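Text of input.cif, listed as mmCIF, C-alpha atoms and all ligand atoms:
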data_start
#
loop_
_atom_site.label_atom_id
_atom_site.label_comp_id
_atom_site.auth_asym_id
_atom_site.auth_seq_id
_atom_site.Cartn_x
_atom_site.Cartn_y
_atom_site.Cartn_z
CA MET A 1 61.58 -101.60 96.40
CA THR A 2 63.17 -101.48 92.96
CA ALA A 3 63.06 -104.55 90.75
CA ALA A 4 66.42 -106.14 90.03
CA ALA A 5 67.69 -105.33 86.55
CA LYS A 6 67.21 -108.21 84.14
CA PRO A 7 70.65 -109.72 83.47
CA LYS A 8 71.85 -108.94 79.97
CA ARG A 9 72.13 -111.98 77.74
CA PRO A 10 75.85 -112.35 76.83
CA ARG A 11 76.48 -111.78 73.12
CA ALA A 12 77.45 -114.86 71.13
CA GLU A 13 81.10 -115.36 70.29
CA LEU A 14 81.96 -113.43 67.09
CA ASP A 15 78.39 -112.06 66.96
CA ALA A 16 77.14 -115.33 65.44
CA TYR A 17 73.48 -114.28 65.12
CA TYR A 18 72.30 -115.78 61.87
CA THR A 19 69.64 -113.92 59.89
CA PRO A 20 66.14 -115.40 59.65
CA ASP A 21 64.72 -115.63 56.13
CA TRP A 22 62.06 -112.91 56.21
CA PRO A 23 64.24 -109.75 56.38
CA ILE A 24 66.33 -111.13 53.53
CA LEU A 25 63.27 -112.06 51.45
CA ARG A 26 61.65 -108.69 51.90
CA PHE A 27 64.80 -106.80 50.93
CA VAL A 28 65.72 -108.98 48.00
CA LEU A 29 62.20 -108.76 46.57
CA ALA A 30 62.66 -104.98 46.55
CA VAL A 31 66.02 -105.01 44.74
CA HIS A 32 66.02 -108.22 42.70
CA GLU A 33 65.70 -106.48 39.32
CA GLU A 34 68.86 -104.48 39.98
CA LEU A 35 70.69 -107.62 41.15
CA GLU A 36 69.57 -109.61 38.10
CA LEU A 37 70.77 -106.87 35.79
CA LEU A 38 74.21 -106.87 37.44
CA LEU A 39 74.38 -110.68 37.35
CA ARG A 40 73.66 -110.89 33.61
CA ASP A 41 77.40 -110.46 33.14
CA PRO A 42 78.75 -114.05 33.18
CA ALA A 43 81.90 -112.79 34.98
CA ALA A 44 79.86 -111.26 37.83
CA ARG A 45 80.17 -112.94 41.25
CA LEU A 46 78.51 -112.40 44.63
CA LEU A 47 80.29 -112.07 47.99
CA GLU A 48 79.05 -112.83 51.51
CA PRO A 49 82.02 -111.57 53.58
CA CYS A 50 80.71 -112.71 57.04
CA ALA A 51 78.63 -115.64 55.84
CA GLY A 52 77.85 -117.52 59.08
CA ASP A 53 75.64 -120.47 58.14
CA GLY A 54 74.91 -119.07 54.65
CA ALA A 55 71.39 -117.75 55.37
CA ILE A 56 71.71 -114.84 52.94
CA ILE A 57 73.26 -116.97 50.22
CA ARG A 58 70.41 -119.50 50.36
CA VAL A 59 67.65 -116.89 50.17
CA VAL A 60 69.26 -114.80 47.43
CA GLU A 61 69.99 -117.95 45.42
CA SER A 62 66.30 -118.93 45.63
CA LEU A 63 65.04 -115.54 44.36
CA VAL A 64 67.55 -114.03 41.97
CA ALA A 65 68.45 -115.28 38.50
CA GLY A 66 72.23 -115.64 38.23
CA ALA A 67 72.78 -116.02 42.00
CA ASP A 68 73.28 -119.81 42.05
CA ARG A 69 75.76 -120.86 44.71
CA LYS A 70 78.47 -121.61 42.16
CA ASN A 71 78.65 -117.84 41.59
CA TRP A 72 79.18 -117.02 45.28
CA VAL A 73 82.36 -116.37 47.20
CA ALA A 74 81.81 -116.69 50.93
CA ASN A 75 84.10 -115.80 53.82
CA ASP A 76 83.98 -116.07 57.61
CA ILE A 77 86.49 -115.78 60.43
CA ASN A 78 84.96 -118.75 62.29
CA PHE A 79 86.48 -121.99 61.03
CA ARG A 80 83.41 -124.03 62.06
CA ALA A 81 81.18 -121.77 59.95
CA VAL A 82 83.65 -122.09 57.06
CA ALA A 83 83.56 -125.90 57.27
CA ARG A 84 79.74 -125.94 57.23
CA LEU A 85 79.60 -123.60 54.23
CA ARG A 86 82.07 -125.74 52.31
CA GLU A 87 79.90 -128.80 53.09
CA GLN A 88 77.03 -126.95 51.36
CA GLY A 89 79.18 -126.64 48.22
CA ILE A 90 79.87 -122.93 48.71
CA TYR A 91 83.38 -121.71 47.85
CA THR A 92 84.49 -120.21 51.17
CA ALA A 93 87.57 -118.35 52.35
CA HIS A 94 88.61 -118.32 56.00
CA GLY A 95 89.75 -114.93 57.25
CA ASP A 96 89.04 -111.43 58.45
CA ALA A 97 86.59 -109.70 56.10
CA LEU A 98 88.50 -106.47 56.67
CA ALA A 99 91.48 -108.02 54.88
CA PHE A 100 89.48 -109.65 52.05
CA LYS A 101 90.76 -108.67 48.60
CA LEU A 102 88.06 -108.34 45.95
CA ASP A 103 90.48 -109.16 43.14
CA LEU A 104 89.68 -112.86 42.61
CA GLY A 105 92.67 -113.38 40.32
CA VAL A 106 90.56 -115.51 37.93
CA HIS A 107 90.29 -114.10 34.39
CA ASP A 108 87.77 -111.25 34.43
CA ALA A 109 85.66 -112.66 37.30
CA HIS A 110 84.79 -109.87 39.70
CA ILE A 111 82.57 -109.22 42.71
CA ALA A 112 79.56 -107.29 41.38
CA VAL A 113 77.31 -107.80 44.42
CA ALA A 114 78.23 -108.05 48.11
CA ILE A 115 75.63 -108.63 50.78
CA THR A 116 75.89 -109.46 54.45
CA ASN A 117 74.71 -109.11 57.99
CA PRO A 118 78.09 -108.36 59.58
CA LYS A 119 79.41 -108.39 63.12
CA TYR A 120 78.03 -105.21 64.71
CA LEU A 121 80.60 -104.61 67.47
CA ALA A 122 83.68 -102.34 67.29
CA ASN A 123 82.24 -100.27 64.43
CA PHE A 124 82.83 -103.28 62.20
CA PRO A 125 80.05 -102.46 59.66
CA LEU A 126 81.49 -99.10 58.65
CA LYS A 127 85.03 -100.46 58.59
CA LEU A 128 83.76 -103.18 56.24
CA ALA A 129 81.90 -100.69 54.03
CA ARG A 130 85.02 -98.53 53.71
CA HIS A 131 87.21 -101.56 53.05
CA LEU A 132 84.98 -102.86 50.23
CA MET A 133 84.00 -99.54 48.65
CA THR A 134 87.59 -98.24 48.41
CA GLN A 135 89.04 -101.26 46.57
CA PRO A 136 90.23 -100.70 42.99
CA ARG A 137 87.06 -102.37 41.67
CA PRO A 138 84.38 -102.04 44.38
CA PRO A 139 81.13 -103.99 44.15
CA ALA A 140 78.43 -102.23 42.11
CA PHE A 141 76.03 -103.05 44.97
CA PHE A 142 76.96 -103.62 48.62
CA ALA A 143 74.21 -104.18 51.19
CA MET A 144 74.48 -104.83 54.89
CA LEU A 145 71.78 -105.47 57.45
CA CYS A 146 72.44 -103.45 60.60
CA ARG A 147 70.72 -101.90 63.55
CA ILE A 148 69.10 -98.65 62.57
CA THR A 149 71.14 -96.94 65.30
CA LEU A 150 74.08 -97.24 62.91
CA LEU A 151 72.82 -93.84 61.69
CA GLU A 152 73.76 -92.26 65.04
CA THR A 153 76.96 -90.56 66.25
CA PRO A 154 78.99 -87.68 64.76
CA ALA A 155 81.79 -89.95 63.53
CA ARG A 156 79.35 -92.08 61.56
CA ALA A 157 77.61 -88.97 60.19
CA LYS A 158 80.98 -87.98 58.74
CA PHE A 159 81.36 -91.42 57.18
CA PHE A 160 77.84 -91.32 55.70
CA ARG A 161 78.51 -87.94 54.10
CA GLU A 162 81.47 -89.54 52.36
CA PHE A 163 79.56 -92.77 51.49
CA PRO A 164 75.84 -91.85 51.38
CA PRO A 165 73.75 -95.00 51.90
CA HIS A 166 70.33 -95.84 50.61
CA VAL A 167 68.58 -97.16 53.73
CA TYR A 168 65.83 -99.80 53.41
CA VAL A 169 63.99 -99.83 56.73
CA LEU A 170 62.39 -102.99 58.11
CA PRO A 171 59.29 -101.84 59.97
CA GLU A 172 59.38 -104.89 62.28
CA ARG A 173 62.23 -105.81 64.61
CA VAL A 174 64.31 -108.84 63.77
CA SER A 175 64.69 -111.67 66.31
CA TYR A 176 67.95 -113.55 65.81
CA THR A 177 67.43 -115.97 68.67
CA GLY A 178 64.37 -117.83 67.42
CA ASP A 179 62.37 -116.93 70.55
CA GLY A 180 60.91 -113.60 69.39
CA GLN A 181 63.38 -111.62 71.55
CA SER A 182 65.13 -108.75 69.78
CA ASP A 183 67.58 -105.93 70.43
CA ASN A 184 66.07 -102.66 71.55
CA ALA A 185 66.43 -101.31 68.03
CA GLY A 186 64.96 -101.66 64.59
CA ALA A 187 66.98 -102.82 61.61
CA ALA A 188 67.63 -101.65 58.08
CA TRP A 189 69.59 -102.65 55.02
CA PHE A 190 72.27 -100.06 54.19
CA VAL A 191 73.11 -100.04 50.47
CA PHE A 192 76.24 -98.52 48.95
CA ARG A 193 76.91 -98.10 45.25
CA PRO A 194 80.00 -96.48 43.73
CA GLY A 195 79.18 -92.91 42.75
CA GLN A 196 76.05 -92.76 44.93
CA THR A 197 75.91 -89.11 45.92
CA ASP A 198 72.79 -88.87 48.08
CA SER A 199 71.08 -90.78 50.87
CA ARG A 200 67.53 -92.06 50.46
CA LEU A 201 65.04 -93.89 52.65
CA PHE A 202 62.82 -96.79 51.61
CA TRP A 203 60.33 -98.72 53.72
CA LEU A 204 60.23 -102.47 53.23
CA THR A 205 56.52 -103.02 53.69
CA ASP A 206 54.90 -106.12 52.21
CA ASP A 207 53.71 -104.22 49.17
CA HIS A 208 57.01 -102.39 48.71
CA VAL A 209 57.94 -101.88 45.11
CA GLN A 210 61.40 -100.66 44.26
CA PRO A 211 61.20 -97.29 42.50
CA GLY A 212 63.06 -97.23 39.18
CA LEU A 213 66.48 -96.29 40.45
CA PRO A 214 69.03 -95.48 37.78
CA LEU A 215 72.06 -97.66 38.50
CA ASP A 216 74.50 -94.77 38.83
CA GLY A 217 72.68 -93.94 42.08
CA GLU A 218 71.64 -90.44 41.06
C1 LIG A 301 75.65 -111.49 62.82
S1 LIG A 301 76.44 -112.96 62.19
C2 LIG A 301 75.64 -113.05 60.61
C3 LIG A 301 76.05 -114.19 59.74
C4 LIG A 301 75.44 -114.15 58.30
N1 LIG A 301 75.93 -113.00 57.57
C5 LIG A 301 73.92 -114.10 58.33
O1 LIG A 301 73.34 -113.15 57.83
O2 LIG A 301 73.31 -115.01 58.88
C6 LIG A 301 78.07 -112.30 61.90
C7 LIG A 301 79.09 -113.27 61.31
O3 LIG A 301 80.32 -112.55 61.18
C8 LIG A 301 81.40 -113.44 61.41
N2 LIG A 301 82.56 -112.60 61.74
C9 LIG A 301 82.86 -112.00 62.92
N3 LIG A 301 83.99 -111.29 62.80
C10 LIG A 301 84.41 -111.44 61.50
C11 LIG A 301 85.50 -110.94 60.74
N4 LIG A 301 86.41 -110.11 61.29
N5 LIG A 301 85.62 -111.31 59.45
C12 LIG A 301 84.71 -112.16 58.88
N6 LIG A 301 83.66 -112.67 59.54
C13 LIG A 301 83.50 -112.30 60.83
C14 LIG A 301 80.90 -114.33 62.53
O4 LIG A 301 81.64 -115.54 62.59
C15 LIG A 301 79.43 -114.51 62.12
O5 LIG A 301 79.28 -115.64 61.31
#
In structure tokens, what does this structure look like?
Amino acid sequence: MTAAAKPKRPRAELDAYYTPDWPILRFVLAVHEELELLLRDPAARLLEPCAGDGAIIRVVESLVAGADRKNWVANDINFRAVARLREQGIYTAHGDALAFKLDLGVHDAHIAVAITNPKYLANFPLKLARHLMTQPRPPAFFAMLCRITLLETPARAKFFREFPPHVYVLPERVSYTGDGQSDNAGAAWFVFRPGQTDSRLFWLTDDHVQPGLPLDGE
């Protein structure tokens, strides 16, 4: 007799799986010097384009000089998430991240850093990466937390040759449901920088130290 297949848990509306602190902490500890350098410019702002409940904003704010919430621009398509973010004092737009314009229209203020865990379905992460990295002034640093299987498929390989990511691998799987359950895949932070011409791999172990990467990505 074959065992009945375990019913698949339905995915939350809009992929609302908010990121626990540890994968953000581990990544930000590896790249905080680069972020702090970018944020020394008083006109530099940070963007969370699919901000959910603001998990990434809170952790980055707690670790990185210059990342106080007054310097963030958040966005989400879910109006309830937008209302909660605004209650936390975070400037938040309500719309599709794929239509978000990086030109803030305020003096020389510009988005220097963008960081998110985006919706995964419908190839959304790569659409978002293309949308942000092809704007007239793209962020100097764009990071997104995704399943490691984002590396698969011929169409994505073509995209990654055009926009080579630096991939920071989390050696443990991330549970988004608070019960230890996870997808059948590992996760990694995919980092894009304008002019980055090669892909590299980093492992986010506890003792990970960011190698001295020149900021032009080469
Ligand atoms: C996986 S959750 C992660 C939320 C947050 N980035 C975090 O790390 O906790 C994805 C978020 O994307 C939002 N979202 C889904 N489609 C979107 C779209 N087209 N534009 C902007 N946000 C979207 C959802 O409402 C949800 O808050």
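Proximal residues of ligand LIG 301 (chain A) are Leu14, Asp15, Ala16, Tyr17, Tyr18, Thr19, Glu48, Pro49, Cys50, Ala51, Gly52, Asp53, Gly54, Ala55, Ile56, Asn75, Asp76, Ile77, Asn78, Ala81, Gly95, Asp96, Ala97, Leu98, Thr116, Asn117, Pro118, Lys119 and Tyr120 of chain A, by a cut-off of 7 Å on all atoms listed in the file.
Closest approach to Glu36 of chain A among A:Phe79, A:Phe141, A:Phe192, A:Trp203 is made by A:Phe141 (distances from only C-alpha atoms).
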Practice item. Please provide as number ranges by chain all residues within 7 Å of Ala44 of chain A, with the sequence filter that same-chain residues fewer than 2 positions apart are discarded (counting all atoms listed in the file). Key: A: 39, 41-42, 109-112
Practice item. Kindly provide, as a PyMOL selection string, the polymer residues lying within 7 Å of (62.2, -96.6, 51.0), counting all atoms listed in the file and using the coordinates exactly as they appear in the file. Key: chain A and resi 167-169+201-204
Practice item. Report the distance between atom CA of Thr197 of chain A and atom CA of Leu126 of chain A in Å, rounded to one decimal place. Key: 17.1 Å
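Proximity of A:Tyr176, A:Met144, A:Pro194, A:Leu63 to Ala12 of chain A, computed with all atoms listed in the file, is greatest for A:Tyr176.
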Please return, as a tab-separated table (two decimals) with C-alpha atoms, in the coordinates of the input, all polymer residues that have at least one atom within 9 Å of the point (77.2, -119.4, 45.4); use only C-alpha atoms and the file's own coordinate frame.
chain	number	residue	atom	x	y	z
A	45	ARG	CA	80.17	-112.94	41.25
A	46	LEU	CA	78.51	-112.40	44.63
A	47	LEU	CA	80.29	-112.07	47.99
A	57	ILE	CA	73.26	-116.97	50.22
A	58	ARG	CA	70.41	-119.50	50.36
A	61	GLU	CA	69.99	-117.95	45.42
A	67	ALA	CA	72.78	-116.02	42.00
A	68	ASP	CA	73.28	-119.81	42.05
A	69	ARG	CA	75.76	-120.86	44.71
A	70	LYS	CA	78.47	-121.61	42.16
A	71	ASN	CA	78.65	-117.84	41.59
A	72	TRP	CA	79.18	-117.02	45.28
A	73	VAL	CA	82.36	-116.37	47.20
A	74	ALA	CA	81.81	-116.69	50.93
A	89	GLY	CA	79.18	-126.64	48.22
A	90	ILE	CA	79.87	-122.93	48.71
A	91	TYR	CA	83.38	-121.71	47.85
**Study point:** Close residues, Val174 of chain A itself excluded, 9 Å, all atoms listed in the file, min 4 positions apart in chain, as a PyMOL selection string
**Key:** chain A and resi 19-20+22-23+170+180-183+185-187
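With atom CA of Pro164 of chain A on one side and atom CA of Gln196 of chain A on the other, the separation reads 6.5 Å.
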Point to revise | Nearest residue to Met133 of chain A from the set A:Glu162, A:Glu87, A:Asp179, A:Asp198 (distances using only C-alpha atoms) | key: A:Glu162
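Nearest to Gln135 of chain A of all the residues A:Pro165, A:His107, A:Phe100, A:Thr153 is A:Phe100, counting all atoms listed in the file.
Between atom CA of Val82 of chain A and atom CA of Leu102 of chain A the separation is 18.2 Å.
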At the level of N, CA and C atoms, write segment 143-161 of chain A to a file as a PDB file, in the first residue's frame, please.
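The result, written out as selection.pdb:
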ATOM      1  N   ALA A 143      20.349  43.651  -3.123  1.00  0.00           N
ATOM      2  CA  ALA A 143      20.413  42.270  -2.621  1.00  0.00           C
ATOM      3  C   ALA A 143      19.012  41.708  -2.479  1.00  0.00           C
ATOM      4  N   MET A 144      18.843  40.458  -2.904  1.00  0.00           N
ATOM      5  CA  MET A 144      17.558  39.807  -2.637  1.00  0.00           C
ATOM      6  C   MET A 144      17.782  38.384  -2.155  1.00  0.00           C
ATOM      7  N   LEU A 145      16.995  38.023  -1.155  1.00  0.00           N
ATOM      8  CA  LEU A 145      17.035  36.677  -0.582  1.00  0.00           C
ATOM      9  C   LEU A 145      16.090  35.804  -1.383  1.00  0.00           C
ATOM     10  N   CYS A 146      16.624  34.717  -1.944  1.00  0.00           N
ATOM     11  CA  CYS A 146      15.801  33.840  -2.790  1.00  0.00           C
ATOM     12  C   CYS A 146      16.181  32.389  -2.559  1.00  0.00           C
ATOM     13  N   ARG A 147      15.336  31.508  -3.048  1.00  0.00           N
ATOM     14  CA  ARG A 147      15.723  30.097  -3.051  1.00  0.00           C
ATOM     15  C   ARG A 147      16.952  29.941  -3.936  1.00  0.00           C
ATOM     16  N   ILE A 148      17.796  28.991  -3.551  1.00  0.00           N
ATOM     17  CA  ILE A 148      19.021  28.795  -4.309  1.00  0.00           C
ATOM     18  C   ILE A 148      18.718  28.227  -5.701  1.00  0.00           C
ATOM     19  N   THR A 149      17.538  27.653  -5.849  1.00  0.00           N
ATOM     20  CA  THR A 149      17.141  27.113  -7.157  1.00  0.00           C
ATOM     21  C   THR A 149      16.896  28.235  -8.175  1.00  0.00           C
ATOM     22  N   LEU A 150      16.978  29.472  -7.724  1.00  0.00           N
ATOM     23  CA  LEU A 150      16.910  30.587  -8.687  1.00  0.00           C
ATOM     24  C   LEU A 150      18.032  30.457  -9.725  1.00  0.00           C
ATOM     25  N   LEU A 151      19.111  29.756  -9.345  1.00  0.00           N
ATOM     26  CA  LEU A 151      20.243  29.592 -10.269  1.00  0.00           C
ATOM     27  C   LEU A 151      19.898  28.683 -11.455  1.00  0.00           C
ATOM     28  N   GLU A 152      18.810  27.900 -11.308  1.00  0.00           N
ATOM     29  CA  GLU A 152      18.492  26.916 -12.356  1.00  0.00           C
ATOM     30  C   GLU A 152      17.730  27.547 -13.523  1.00  0.00           C
ATOM     31  N   THR A 153      17.700  26.827 -14.585  1.00  0.00           N
ATOM     32  CA  THR A 153      16.946  27.003 -15.845  1.00  0.00           C
ATOM     33  C   THR A 153      17.748  27.823 -16.877  1.00  0.00           C
ATOM     34  N   PRO A 154      17.638  27.430 -18.151  1.00  0.00           N
ATOM     35  CA  PRO A 154      18.388  28.117 -19.206  1.00  0.00           C
ATOM     36  C   PRO A 154      18.038  29.598 -19.318  1.00  0.00           C
ATOM     37  N   ALA A 155      16.765  29.949 -19.126  1.00  0.00           N
ATOM     38  CA  ALA A 155      16.398  31.367 -19.277  1.00  0.00           C
ATOM     39  C   ALA A 155      17.082  32.194 -18.202  1.00  0.00           C
ATOM     40  N   ARG A 156      17.137  31.653 -16.976  1.00  0.00           N
ATOM     41  CA  ARG A 156      17.779  32.413 -15.906  1.00  0.00           C
ATOM     42  C   ARG A 156      19.297  32.464 -16.117  1.00  0.00           C
ATOM     43  N   ALA A 157      19.872  31.396 -16.671  1.00  0.00           N
ATOM     44  CA  ALA A 157      21.316  31.407 -16.943  1.00  0.00           C
ATOM     45  C   ALA A 157      21.637  32.568 -17.888  1.00  0.00           C
ATOM     46  N   LYS A 158      20.763  32.788 -18.845  1.00  0.00           N
ATOM     47  CA  LYS A 158      20.969  33.889 -19.798  1.00  0.00           C
ATOM     48  C   LYS A 158      20.933  35.233 -19.046  1.00  0.00           C
ATOM     49  N   PHE A 159      19.955  35.344 -18.141  1.00  0.00           N
ATOM     50  CA  PHE A 159      19.839  36.573 -17.362  1.00  0.00           C
ATOM     51  C   PHE A 159      21.101  36.790 -16.524  1.00  0.00           C
ATOM     52  N   PHE A 160      21.579  35.715 -15.875  1.00  0.00           N
ATOM     53  CA  PHE A 160      22.732  35.855 -14.972  1.00  0.00           C
ATOM     54  C   PHE A 160      24.027  36.132 -15.733  1.00  0.00           C
ATOM     55  N   ARG A 161      24.073  35.768 -17.015  1.00  0.00           N
ATOM     56  CA  ARG A 161      25.263  36.161 -17.784  1.00  0.00           C
ATOM     57  C   ARG A 161      25.234  37.664 -18.039  1.00  0.00           C
TER      58      ARG A 161
END
